>>> print(open('entry.cif').read())   # mmCIF, C-alpha atoms
data_my_file
#
loop_
_atom_site.group_PDB
_atom_site.id
_atom_site.type_symbol
_atom_site.label_atom_id
_atom_site.label_comp_id
_atom_site.auth_asym_id
_atom_site.auth_seq_id
_atom_site.Cartn_x
_atom_site.Cartn_y
_atom_site.Cartn_z
ATOM 1 C CA GLY Y 1 -31.707 -10.986 -6.344
ATOM 2 C CA LEU Y 2 -32.819 -12.287 -9.733
ATOM 3 C CA GLU Y 3 -36.138 -13.424 -8.273
ATOM 4 C CA MET Y 4 -36.753 -9.957 -6.785
ATOM 5 C CA LEU Y 5 -36.081 -8.441 -10.232
ATOM 6 C CA GLY Y 6 -38.758 -10.678 -11.753
ATOM 7 C CA ALA Y 7 -36.439 -12.914 -13.783
ATOM 8 C CA SER Y 8 -37.950 -16.131 -15.074
ATOM 9 C CA LYS Y 9 -36.626 -19.462 -13.812
ATOM 10 C CA ALA Y 10 -34.891 -20.054 -17.125
ATOM 11 C CA GLU Y 11 -33.255 -16.603 -17.056
ATOM 12 C CA ALA Y 12 -32.219 -17.060 -13.434
ATOM 13 C CA ARG Y 13 -30.686 -20.467 -14.131
ATOM 14 C CA THR Y 14 -28.753 -19.146 -17.132
ATOM 15 C CA ARG Y 15 -27.460 -16.168 -15.184
ATOM 16 C CA ALA Y 16 -26.591 -18.289 -12.137
ATOM 17 C CA SER Y 17 -24.618 -20.697 -14.325
ATOM 18 C CA ALA Y 18 -22.706 -17.814 -15.863
ATOM 19 C CA MET Y 19 -21.862 -16.408 -12.424
ATOM 20 C CA LEU Y 20 -20.731 -19.801 -11.106
ATOM 21 C CA GLU Y 21 -18.443 -20.110 -14.109
ATOM 22 C CA LEU Y 22 -17.080 -16.611 -13.464
ATOM 23 C CA VAL Y 23 -16.126 -17.476 -9.857
ATOM 24 C CA GLN Y 24 -14.968 -21.004 -10.838
ATOM 25 C CA LEU Y 25 -17.637 -22.897 -8.901
ATOM 26 C CA THR Y 26 -19.440 -24.703 -11.762
ATOM 27 C CA GLN Y 27 -18.332 -28.127 -10.534
ATOM 28 C CA PHE Y 28 -19.786 -27.385 -7.072
ATOM 29 C CA ALA Y 29 -23.206 -26.159 -8.261
ATOM 30 C CA ALA Y 30 -25.122 -29.047 -6.632
ATOM 31 C CA ARG Y 31 -23.501 -28.663 -3.197
ATOM 32 C CA LYS Y 32 -25.102 -27.073 -0.145
ATOM 33 C CA PRO Y 33 -23.269 -24.122 1.493
ATOM 34 C CA ALA Y 34 -22.123 -26.289 4.422
ATOM 35 C CA GLN Y 35 -20.405 -28.602 1.929
ATOM 36 C CA LEU Y 36 -18.191 -25.798 0.626
ATOM 37 C CA SER Y 37 -14.875 -24.499 1.981
ATOM 38 C CA GLY Y 38 -14.557 -20.963 3.341
ATOM 39 C CA GLY Y 39 -13.098 -19.672 0.092
ATOM 40 C CA GLN Y 40 -15.784 -21.394 -1.982
ATOM 41 C CA GLN Y 41 -18.497 -19.891 0.211
ATOM 42 C CA GLN Y 42 -16.991 -16.431 -0.315
ATOM 43 C CA ARG Y 43 -16.984 -16.935 -4.072
ATOM 44 C CA GLY Y 44 -20.576 -18.184 -3.927
ATOM 45 C CA ALA Y 45 -21.645 -15.076 -2.023
ATOM 46 C CA LEU Y 46 -19.880 -12.923 -4.613
ATOM 47 C CA ALA Y 47 -21.643 -14.735 -7.470
ATOM 48 C CA ARG Y 48 -25.006 -14.146 -5.751
ATOM 49 C CA ALA Y 49 -24.284 -10.433 -5.402
ATOM 50 C CA LEU Y 50 -23.102 -10.101 -9.018
ATOM 51 C CA ALA Y 51 -26.007 -12.011 -10.569
ATOM 52 C CA PRO Y 52 -28.413 -8.999 -10.708
ATOM 53 C CA GLN Y 53 -25.658 -7.003 -12.510
ATOM 54 C CA PRO Y 54 -25.472 -4.061 -10.084
ATOM 55 C CA LYS Y 55 -23.751 -0.818 -11.117
ATOM 56 C CA VAL Y 56 -21.908 -0.646 -7.784
ATOM 57 C CA LEU Y 57 -21.050 -3.462 -5.379
ATOM 58 C CA LEU Y 58 -20.126 -2.802 -1.735
ATOM 59 C CA LEU Y 59 -17.837 -5.384 -0.133
ATOM 60 C CA ASP Y 60 -17.474 -4.777 3.609
ATOM 61 C CA GLU Y 61 -14.336 -6.608 4.789
ATOM 62 C CA PRO Y 62 -15.301 -9.756 2.848
ATOM 63 C CA LEU Y 63 -11.946 -11.499 3.338
ATOM 64 C CA SER Y 64 -11.289 -10.750 7.020
ATOM 65 C CA ALA Y 65 -12.299 -14.225 8.244
ATOM 66 C CA LEU Y 66 -10.042 -16.097 5.804
ATOM 67 C CA ASP Y 67 -6.509 -17.324 6.467
ATOM 68 C CA LEU Y 68 -3.625 -15.457 4.829
ATOM 69 C CA LYS Y 69 -3.076 -17.846 1.902
ATOM 70 C CA LEU Y 70 -6.769 -17.941 1.007
ATOM 71 C CA ARG Y 71 -7.096 -14.179 1.444
ATOM 72 C CA LYS Y 72 -4.268 -13.567 -1.045
ATOM 73 C CA ALA Y 73 -5.879 -15.944 -3.551
ATOM 74 C CA MET Y 74 -9.260 -14.237 -3.177
ATOM 75 C CA GLN Y 75 -7.685 -10.810 -3.723
ATOM 76 C CA ILE Y 76 -6.413 -11.975 -7.110
ATOM 77 C CA GLU Y 77 -9.822 -13.478 -7.867
ATOM 78 C CA LEU Y 78 -11.687 -10.297 -6.935
ATOM 79 C CA LYS Y 79 -9.452 -8.132 -9.113
ATOM 80 C CA HIS Y 80 -9.981 -10.492 -12.050
ATOM 81 C CA ILE Y 81 -13.769 -10.522 -11.562
ATOM 82 C CA GLN Y 82 -13.956 -6.743 -11.303
ATOM 83 C CA ARG Y 83 -12.099 -6.381 -14.600
ATOM 84 C CA GLU Y 84 -14.283 -9.027 -16.250
ATOM 85 C CA THR Y 85 -17.583 -7.471 -15.161
ATOM 86 C CA GLY Y 86 -16.651 -3.776 -15.241
ATOM 87 C CA ILE Y 87 -18.714 -3.208 -12.070
ATOM 88 C CA THR Y 88 -17.472 -0.572 -9.624
ATOM 89 C CA PHE Y 89 -16.351 -2.273 -6.402
ATOM 90 C CA ILE Y 90 -16.272 -0.298 -3.143
ATOM 91 C CA PHE Y 91 -14.093 -2.462 -0.918
ATOM 92 C CA VAL Y 92 -13.917 -1.699 2.811
ATOM 93 C CA THR Y 93 -10.807 -2.932 4.640
ATOM 94 C CA HIS Y 94 -8.523 -2.073 7.552
ATOM 95 C CA ASP Y 95 -5.585 -3.824 5.863
ATOM 96 C CA GLN Y 96 -3.248 -1.409 4.037
ATOM 97 C CA GLU Y 97 -1.694 -4.154 1.905
ATOM 98 C CA GLU Y 98 -5.116 -5.399 0.838
ATOM 99 C CA ALA Y 99 -6.235 -1.880 -0.072
ATOM 100 C CA VAL Y 100 -3.125 -1.313 -2.177
ATOM 101 C CA ALA Y 101 -3.354 -4.721 -3.891
ATOM 102 C CA LEU Y 102 -6.994 -4.286 -4.955
ATOM 103 C CA SER Y 103 -7.633 -0.616 -5.561
ATOM 104 C CA SER Y 104 -7.397 1.834 -8.399
ATOM 105 C CA LYS Y 105 -8.014 4.582 -5.820
ATOM 106 C CA ILE Y 106 -8.070 4.596 -2.015
ATOM 107 C CA ALA Y 107 -10.269 6.715 0.232
ATOM 108 C CA LEU Y 108 -8.491 6.877 3.596
ATOM 109 C CA ILE Y 109 -10.915 7.604 6.443
ATOM 110 C CA PHE Y 110 -10.021 8.365 10.073
ATOM 111 C CA SER Y 111 -12.727 9.015 12.679
ATOM 112 C CA GLY Y 112 -15.370 9.382 9.995
ATOM 113 C CA MET Y 113 -13.398 12.036 8.082
ATOM 114 C CA LEU Y 114 -11.939 11.599 4.588
ATOM 115 C CA ARG Y 115 -8.210 12.327 4.883
ATOM 116 C CA GLN Y 116 -7.073 11.624 1.321
ATOM 117 C CA TYR Y 117 -8.559 10.158 -1.852
ATOM 118 C CA ALA Y 118 -5.947 9.150 -4.419
ATOM 119 C CA PRO Y 119 -4.203 6.222 -6.125
ATOM 120 C CA ALA Y 120 -2.144 4.056 -3.787
ATOM 121 C CA ALA Y 121 1.153 5.415 -5.120
ATOM 122 C CA SER Y 122 0.157 8.951 -4.105
ATOM 123 C CA LEU Y 123 -0.681 7.862 -0.554
ATOM 124 C CA TYR Y 124 2.769 6.300 -0.297
ATOM 125 C CA GLN Y 125 4.850 8.962 -2.016
ATOM 126 C CA LYS Y 126 2.749 12.142 -1.672
ATOM 127 C CA PRO Y 127 0.744 11.940 1.577
ATOM 128 C CA LYS Y 128 -1.282 15.001 2.542
ATOM 129 C CA ASN Y 129 -0.163 14.953 6.164
ATOM 130 C CA GLN Y 130 1.849 13.019 8.736
ATOM 131 C CA GLU Y 131 -1.177 10.986 9.815
ATOM 132 C CA VAL Y 132 -1.639 9.613 6.289
ATOM 133 C CA ALA Y 133 2.097 9.029 5.876
ATOM 134 C CA LYS Y 134 2.367 7.025 9.111
ATOM 135 C CA PHE Y 135 -0.667 4.889 8.237
ATOM 136 C CA PHE Y 136 1.106 3.737 5.081
ATOM 137 C CA GLY Y 137 4.362 2.912 6.820
ATOM 138 C CA ALA Y 138 6.381 6.140 6.683
ATOM 139 C CA LYS Y 139 8.788 6.434 9.634
ATOM 140 C CA ASN Y 140 11.279 9.166 8.774
ATOM 141 C CA PHE Y 141 10.220 12.743 9.567
ATOM 142 C CA VAL Y 142 12.806 15.531 9.820
ATOM 143 C CA PRO Y 143 11.847 19.084 10.885
ATOM 144 C CA GLY Y 144 13.146 22.055 8.941
ATOM 145 C CA ASP Y 145 12.166 24.792 6.486
ATOM 146 C CA CYS Y 146 10.981 24.637 2.892
ATOM 147 C CA THR Y 147 11.968 27.511 0.557
ATOM 148 C CA SER Y 148 12.192 27.870 -3.221
ATOM 149 C CA GLY Y 149 12.405 24.177 -4.089
ATOM 150 C CA TYR Y 150 14.790 23.288 -1.254
ATOM 151 C CA PHE Y 151 14.422 21.898 2.254
ATOM 152 C CA GLU Y 152 16.948 22.833 4.925
ATOM 153 C CA CYS Y 153 17.216 20.689 8.046
ATOM 154 C CA PRO Y 154 19.872 19.191 10.371
ATOM 155 C CA LEU Y 155 20.642 16.521 7.745
ATOM 156 C CA GLY Y 156 21.532 19.147 5.120
ATOM 157 C CA ARG Y 157 20.025 21.090 2.233
ATOM 158 C CA PHE Y 158 17.950 18.970 -0.134
ATOM 159 C CA THR Y 159 16.634 19.637 -3.612
ATOM 160 C CA LEU Y 160 12.928 18.787 -3.802
ATOM 161 C CA PRO Y 161 10.913 17.365 -6.719
ATOM 162 C CA GLU Y 162 9.196 19.967 -8.880
ATOM 163 C CA ASP Y 163 5.704 18.986 -7.698
ATOM 164 C CA ALA Y 164 6.553 19.124 -3.963
ATOM 165 C CA PRO Y 165 4.571 21.550 -1.766
ATOM 166 C CA VAL Y 166 6.064 25.057 -1.772
ATOM 167 C CA SER Y 167 5.774 25.335 1.997
ATOM 168 C CA GLY Y 168 5.991 22.975 4.961
ATOM 169 C CA ASN Y 169 8.097 22.233 8.011
ATOM 170 C CA MET Y 170 8.604 18.463 7.819
ATOM 171 C CA LEU Y 171 10.638 16.415 5.328
ATOM 172 C CA THR Y 172 9.623 12.767 4.908
ATOM 173 C CA PHE Y 173 11.313 9.921 3.026
ATOM 174 C CA ARG Y 174 10.468 6.234 3.145
ATOM 175 C CA PRO Y 175 12.998 3.710 4.579
ATOM 176 C CA GLU Y 176 12.980 1.602 1.395
ATOM 177 C CA ASN Y 177 13.876 4.640 -0.751
ATOM 178 C CA ILE Y 178 17.156 5.469 1.011
ATOM 179 C CA VAL Y 179 20.417 4.640 -0.782
ATOM 180 C CA VAL Y 180 23.316 3.793 1.543
ATOM 181 C CA GLY Y 181 27.008 3.594 0.623
ATOM 182 C CA VAL Y 182 27.044 5.685 -2.565
ATOM 183 C CA ASP Y 183 30.319 6.997 -3.986
ATOM 184 C CA GLY Y 184 31.176 10.500 -5.170
ATOM 185 C CA ASP Y 185 29.528 13.867 -4.741
ATOM 186 C CA ILE Y 186 25.858 13.164 -5.469
ATOM 187 C CA GLU Y 187 23.009 15.637 -4.977
ATOM 188 C CA ASN Y 188 21.060 15.158 -1.727
ATOM 189 C CA SER Y 189 23.823 13.115 -0.077
ATOM 190 C CA PHE Y 190 25.363 13.366 3.401
ATOM 191 C CA GLN Y 191 27.363 11.418 5.971
ATOM 192 C CA ALA Y 192 25.632 9.447 8.760
ATOM 193 C CA THR Y 193 26.615 6.855 11.348
ATOM 194 C CA ILE Y 194 25.134 3.356 11.486
ATOM 195 C CA ILE Y 195 23.638 2.861 14.952
ATOM 196 C CA SER Y 196 22.179 -0.620 14.544
ATOM 197 C CA LYS Y 197 21.382 -3.385 12.047
ATOM 198 C CA GLN Y 198 18.538 -5.896 12.182
ATOM 199 C CA PHE Y 199 18.068 -8.777 9.748
ATOM 200 C CA LEU Y 200 14.360 -9.181 8.854
ATOM 201 C CA GLY Y 201 14.526 -11.955 6.275
ATOM 202 C CA ASN Y 202 13.966 -10.340 2.889
ATOM 203 C CA GLN Y 203 15.160 -6.964 4.214
ATOM 204 C CA THR Y 204 17.697 -5.553 6.653
ATOM 205 C CA ARG Y 205 16.711 -2.620 8.840
ATOM 206 C CA ILE Y 206 19.471 -0.077 9.461
ATOM 207 C CA GLU Y 207 19.173 2.760 11.952
ATOM 208 C CA LEU Y 208 21.326 5.789 11.092
ATOM 209 C CA ARG Y 209 22.040 9.068 12.822
ATOM 210 C CA LYS Y 210 23.419 12.477 11.967
ATOM 211 C CA GLU Y 211 23.711 14.970 14.828
ATOM 212 C CA SER Y 212 20.456 14.608 16.804
ATOM 213 C CA ILE Y 213 18.433 13.110 13.932
ATOM 214 C CA SER Y 214 17.881 9.347 13.718
ATOM 215 C CA PHE Y 215 16.220 7.686 10.747
ATOM 216 C CA GLU Y 216 15.649 4.226 9.327
ATOM 217 C CA ALA Y 217 16.635 2.559 6.045
ATOM 218 C CA LEU Y 218 15.469 -0.792 4.652
ATOM 219 C CA LEU Y 219 17.950 -2.512 2.342
ATOM 220 C CA PRO Y 220 18.179 -5.888 0.604
ATOM 221 C CA PRO Y 221 20.317 -8.147 2.842
ATOM 222 C CA HIS Y 222 23.086 -8.557 0.242
ATOM 223 C CA ILE Y 223 23.411 -4.755 -0.020
ATOM 224 C CA ALA Y 224 23.385 -4.250 3.768
ATOM 225 C CA GLU Y 225 25.815 -7.084 4.586
ATOM 226 C CA PRO Y 226 29.097 -5.064 4.343
ATOM 227 C CA PHE Y 227 27.861 -2.213 6.557
ATOM 228 C CA LYS Y 228 28.988 -2.400 10.183
ATOM 229 C CA GLU Y 229 27.538 -0.764 13.278
ATOM 230 C CA GLY Y 230 29.455 2.322 14.354
ATOM 231 C CA THR Y 231 30.830 3.119 10.882
ATOM 232 C CA THR Y 232 30.130 6.246 8.866
ATOM 233 C CA VAL Y 233 28.519 5.894 5.444
ATOM 234 C CA THR Y 234 27.291 8.177 2.675
ATOM 235 C CA VAL Y 235 23.500 8.366 2.484
ATOM 236 C CA HIS Y 236 21.615 9.498 -0.630
ATOM 237 C CA LEU Y 237 17.973 10.629 -0.647
ATOM 238 C CA PRO Y 238 16.722 10.534 -4.258
ATOM 239 C CA ARG Y 239 15.134 13.854 -5.137
ATOM 240 C CA ARG Y 240 11.978 12.418 -6.734
ATOM 241 C CA LEU Y 241 11.194 10.376 -3.599
ATOM 242 C CA LEU Y 242 11.250 13.262 -1.100
ATOM 243 C CA TRP Y 243 8.070 14.936 0.138
ATOM 244 C CA VAL Y 244 7.220 17.883 2.376
ATOM 245 C CA LEU Y 245 4.445 17.985 4.986
ATOM 246 C CA ASP Y 246 2.941 20.748 7.116
#
>>> encode(input="entry.cif", output="structure tokens")
Amino acid sequence: GLEMLGASKAEARTRASAMLELVQLTQFAARKPAQLSGGQQQRGALARALAPQPKVLLLDEPLSALDLKLRKAMQIELKHIQRETGITFIFVTHDQEEAVALSSKIALIFSGMLRQYAPAASLYQKPKNQEVAKFFGAKNFVPGDCTSGYFECPLGRFTLPEDAPVSGNMLTFRPENIVVGVDGDIENSFQATIISKQFLGNQTRIELRKESISFEALLPPHIAEPFKEGTTVTVHLPRRLLWVLD
């Protein structure tokens, strides 16, 4: 790239050294590509792309061939390099976790159509439609009616956040945002029966049901431990974490 821009050999060497230092490859400068590990080769390719100081850099699934541990390390490295250089990175990936870990904003594209462009938190908490919500792991969708800041459905009548859509026929709430086993008369609370429990390591999945509606909660194992299948518990849906979809 530097050669194509007409840089002198001295300029190119200085710039190349700076880029190798940026991607932490200075000690490997004399090695051939075949003598480098997969992660080192990826960092070398990044240094080569950054050397001409582009305004925008497109990275098309650059980490897909790496193992999980190396991919996580490279994500941290890429974020650091982007902040150091100030260059806009357009990062293409099919991995939701990778997109969330790296981005300031996400453009979610299905079948060539832009579905939503927003910070990761908005895609999780304020999806535009059910398709977007499901892509980012939402599983609980309850039909009903939205009127004047409330949503009425078989689970009950729920107060919505102030910025929620004023119309819509589907209430959604993420499994990790559900509070189970609360005491007292708390807004947006109701009784439900525990249908099943499944230990997942760092989380416990609990399936609950009220009338004909089943939904899923994810709890820390120490919180979920006392709850038994077949028992009735109080469920709380925090107002600020509810959302309405068409």
>>> atom_distance(input="entry.cif", atom1="atom CA of Y:Met170", atom2="atom CA of Y:Asp145")
7.4 Å
>>> closest_atom_pairs(input="entry.cif", of="stretch 90-151 of chain Y", to="stretch 69-83 of chain Y", cutoff="9 Å", atoms="all atoms listed in the file", output="Markdown table")
| residue | atom | partner | partner_atom | distance |
| --- | --- | --- | --- | --- |
| Y:Glu98 | CA | Y:Gln75 | CA | 7.5 |
| Y:Ala101 | CA | Y:Gln75 | CA | 7.5 |
| Y:Leu102 | CA | Y:Lys79 | CA | 6.2 |
| Y:Ser103 | CA | Y:Lys79 | CA | 8.5 |
>>> residues_around(input="entry.cif", residues="Y:Phe91", least_positions_apart="3", cutoff="9 Å", atoms="all atoms listed in the file", output="number ranges by chain")
Y: 57-62, 99, 102-103
>>> write_last_selection(input="entry.cif", atoms="C-alpha atoms", output="PDB file, keeping the file's coordinate frame")
ATOM      1  CA  LEU Y  57     -21.050  -3.462  -5.379  1.00  0.00           C
ATOM      2  CA  LEU Y  58     -20.126  -2.802  -1.735  1.00  0.00           C
ATOM      3  CA  LEU Y  59     -17.837  -5.384  -0.133  1.00  0.00           C
ATOM      4  CA  ASP Y  60     -17.474  -4.777   3.609  1.00  0.00           C
ATOM      5  CA  GLU Y  61     -14.336  -6.608   4.789  1.00  0.00           C
ATOM      6  CA  PRO Y  62     -15.301  -9.756   2.848  1.00  0.00           C
ATOM      7  CA  ALA Y  99      -6.235  -1.880  -0.072  1.00  0.00           C
ATOM      8  CA  LEU Y 102      -6.994  -4.286  -4.955  1.00  0.00           C
ATOM      9  CA  SER Y 103      -7.633  -0.616  -5.561  1.00  0.00           C
TER      10      SER Y 103
END
>>> resolve_selection(input="entry.cif", expression="the PyMOL selection byres ((chain Y and resi 217-222) around 7)", output="PDB file with C-alpha atoms, in the coordinates of the input")
ATOM      1  CA  PRO Y 175      12.998   3.710   4.579  1.00  0.00           C
ATOM      2  CA  GLU Y 176      12.980   1.602   1.395  1.00  0.00           C
ATOM      3  CA  ILE Y 178      17.156   5.469   1.011  1.00  0.00           C
ATOM      4  CA  ASN Y 202      13.966 -10.340   2.889  1.00  0.00           C
ATOM      5  CA  GLN Y 203      15.160  -6.964   4.214  1.00  0.00           C
ATOM      6  CA  THR Y 204      17.697  -5.553   6.653  1.00  0.00           C
ATOM      7  CA  ARG Y 205      16.711  -2.620   8.840  1.00  0.00           C
ATOM      8  CA  ILE Y 206      19.471  -0.077   9.461  1.00  0.00           C
ATOM      9  CA  GLU Y 207      19.173   2.760  11.952  1.00  0.00           C
ATOM     10  CA  PHE Y 215      16.220   7.686  10.747  1.00  0.00           C
ATOM     11  CA  GLU Y 216      15.649   4.226   9.327  1.00  0.00           C
ATOM     12  CA  ILE Y 223      23.411  -4.755  -0.020  1.00  0.00           C
ATOM     13  CA  ALA Y 224      23.385  -4.250   3.768  1.00  0.00           C
ATOM     14  CA  GLU Y 225      25.815  -7.084   4.586  1.00  0.00           C
TER      15      GLU Y 225
END
>>> resolve_selection(input="entry.cif", expression="the PyMOL selection byres ((chain Y and resi 46-53) around 12)", output="mmCIF file with C-alpha atoms, in the coordinates of the input")
data_model
loop_
_atom_site.group_PDB
_atom_site.id
_atom_site.type_symbol
_atom_site.label_atom_id
_atom_site.label_comp_id
_atom_site.auth_asym_id
_atom_site.auth_seq_id
_atom_site.Cartn_x
_atom_site.Cartn_y
_atom_site.Cartn_z
ATOM 1 C CA GLY Y 1 -31.707 -10.986 -6.344
ATOM 2 C CA LEU Y 2 -32.819 -12.287 -9.733
ATOM 3 C CA GLU Y 3 -36.138 -13.424 -8.273
ATOM 4 C CA MET Y 4 -36.753 -9.957 -6.785
ATOM 5 C CA LEU Y 5 -36.081 -8.441 -10.232
ATOM 6 C CA GLY Y 6 -38.758 -10.678 -11.753
ATOM 7 C CA ALA Y 7 -36.439 -12.914 -13.783
ATOM 8 C CA GLU Y 11 -33.255 -16.603 -17.056
ATOM 9 C CA ALA Y 12 -32.219 -17.060 -13.434
ATOM 10 C CA ARG Y 13 -30.686 -20.467 -14.131
ATOM 11 C CA THR Y 14 -28.753 -19.146 -17.132
ATOM 12 C CA ARG Y 15 -27.460 -16.168 -15.184
ATOM 13 C CA ALA Y 16 -26.591 -18.289 -12.137
ATOM 14 C CA SER Y 17 -24.618 -20.697 -14.325
ATOM 15 C CA ALA Y 18 -22.706 -17.814 -15.863
ATOM 16 C CA MET Y 19 -21.862 -16.408 -12.424
ATOM 17 C CA LEU Y 20 -20.731 -19.801 -11.106
ATOM 18 C CA GLU Y 21 -18.443 -20.110 -14.109
ATOM 19 C CA LEU Y 22 -17.080 -16.611 -13.464
ATOM 20 C CA VAL Y 23 -16.126 -17.476 -9.857
ATOM 21 C CA GLN Y 24 -14.968 -21.004 -10.838
ATOM 22 C CA LEU Y 25 -17.637 -22.897 -8.901
ATOM 23 C CA THR Y 26 -19.440 -24.703 -11.762
ATOM 24 C CA ALA Y 29 -23.206 -26.159 -8.261
ATOM 25 C CA GLY Y 39 -13.098 -19.672 0.092
ATOM 26 C CA GLN Y 40 -15.784 -21.394 -1.982
ATOM 27 C CA GLN Y 41 -18.497 -19.891 0.211
ATOM 28 C CA GLN Y 42 -16.991 -16.431 -0.315
ATOM 29 C CA ARG Y 43 -16.984 -16.935 -4.072
ATOM 30 C CA GLY Y 44 -20.576 -18.184 -3.927
ATOM 31 C CA ALA Y 45 -21.645 -15.076 -2.023
ATOM 32 C CA PRO Y 54 -25.472 -4.061 -10.084
ATOM 33 C CA LYS Y 55 -23.751 -0.818 -11.117
ATOM 34 C CA VAL Y 56 -21.908 -0.646 -7.784
ATOM 35 C CA LEU Y 57 -21.050 -3.462 -5.379
ATOM 36 C CA LEU Y 58 -20.126 -2.802 -1.735
ATOM 37 C CA LEU Y 59 -17.837 -5.384 -0.133
ATOM 38 C CA ASP Y 60 -17.474 -4.777 3.609
ATOM 39 C CA PRO Y 62 -15.301 -9.756 2.848
ATOM 40 C CA LEU Y 63 -11.946 -11.499 3.338
ATOM 41 C CA MET Y 74 -9.260 -14.237 -3.177
ATOM 42 C CA GLU Y 77 -9.822 -13.478 -7.867
ATOM 43 C CA LEU Y 78 -11.687 -10.297 -6.935
ATOM 44 C CA ILE Y 81 -13.769 -10.522 -11.562
ATOM 45 C CA GLN Y 82 -13.956 -6.743 -11.303
ATOM 46 C CA GLU Y 84 -14.283 -9.027 -16.250
ATOM 47 C CA THR Y 85 -17.583 -7.471 -15.161
ATOM 48 C CA GLY Y 86 -16.651 -3.776 -15.241
ATOM 49 C CA ILE Y 87 -18.714 -3.208 -12.070
ATOM 50 C CA THR Y 88 -17.472 -0.572 -9.624
ATOM 51 C CA PHE Y 89 -16.351 -2.273 -6.402
#
>>> residues_around(input="entry.cif", residues="Y:Leu208", least_positions_apart="4", cutoff="6 Å", atoms="only C-alpha atoms", output="list in words")
Thr193, Ile194, Ile195, Ser214 and Phe215 of chain Y
>>> write_last_selection(input="entry.cif", atoms="C-alpha atoms", output="compact mmCIF listing (two decimals), in the coordinates of the input")
# COMPACT_ATOMS: atom_id res chain seq x y z
CA THR Y 193 26.62 6.86 11.35
CA ILE Y 194 25.13 3.36 11.49
CA ILE Y 195 23.64 2.86 14.95
CA SER Y 214 17.88 9.35 13.72
CA PHE Y 215 16.22 7.69 10.75
>>> atom_distance(input="entry.cif", atom1="atom CA of Y:Thr93", atom2="atom CA of Y:Leu241")
27.0 Å
>>> closest_residue(input="entry.cif", among="Y:Pro154, Y:Phe227, Y:Glu131, Y:Gln125", to="Y:Arg239", atoms="all atoms listed in the file")
Y:Gln125
>>> residues_around(input="entry.cif", residues="Y:Val166", least_positions_apart="4", cutoff="7 Å", atoms="all atoms listed in the file", output="list in words")
Cys146, Thr147, Ser148 and Gly149 of chain Y
>>> atom_distance(input="entry.cif", atom1="atom CA of Y:Lys210", atom2="atom CA of Y:Ala192")
4.9 Å
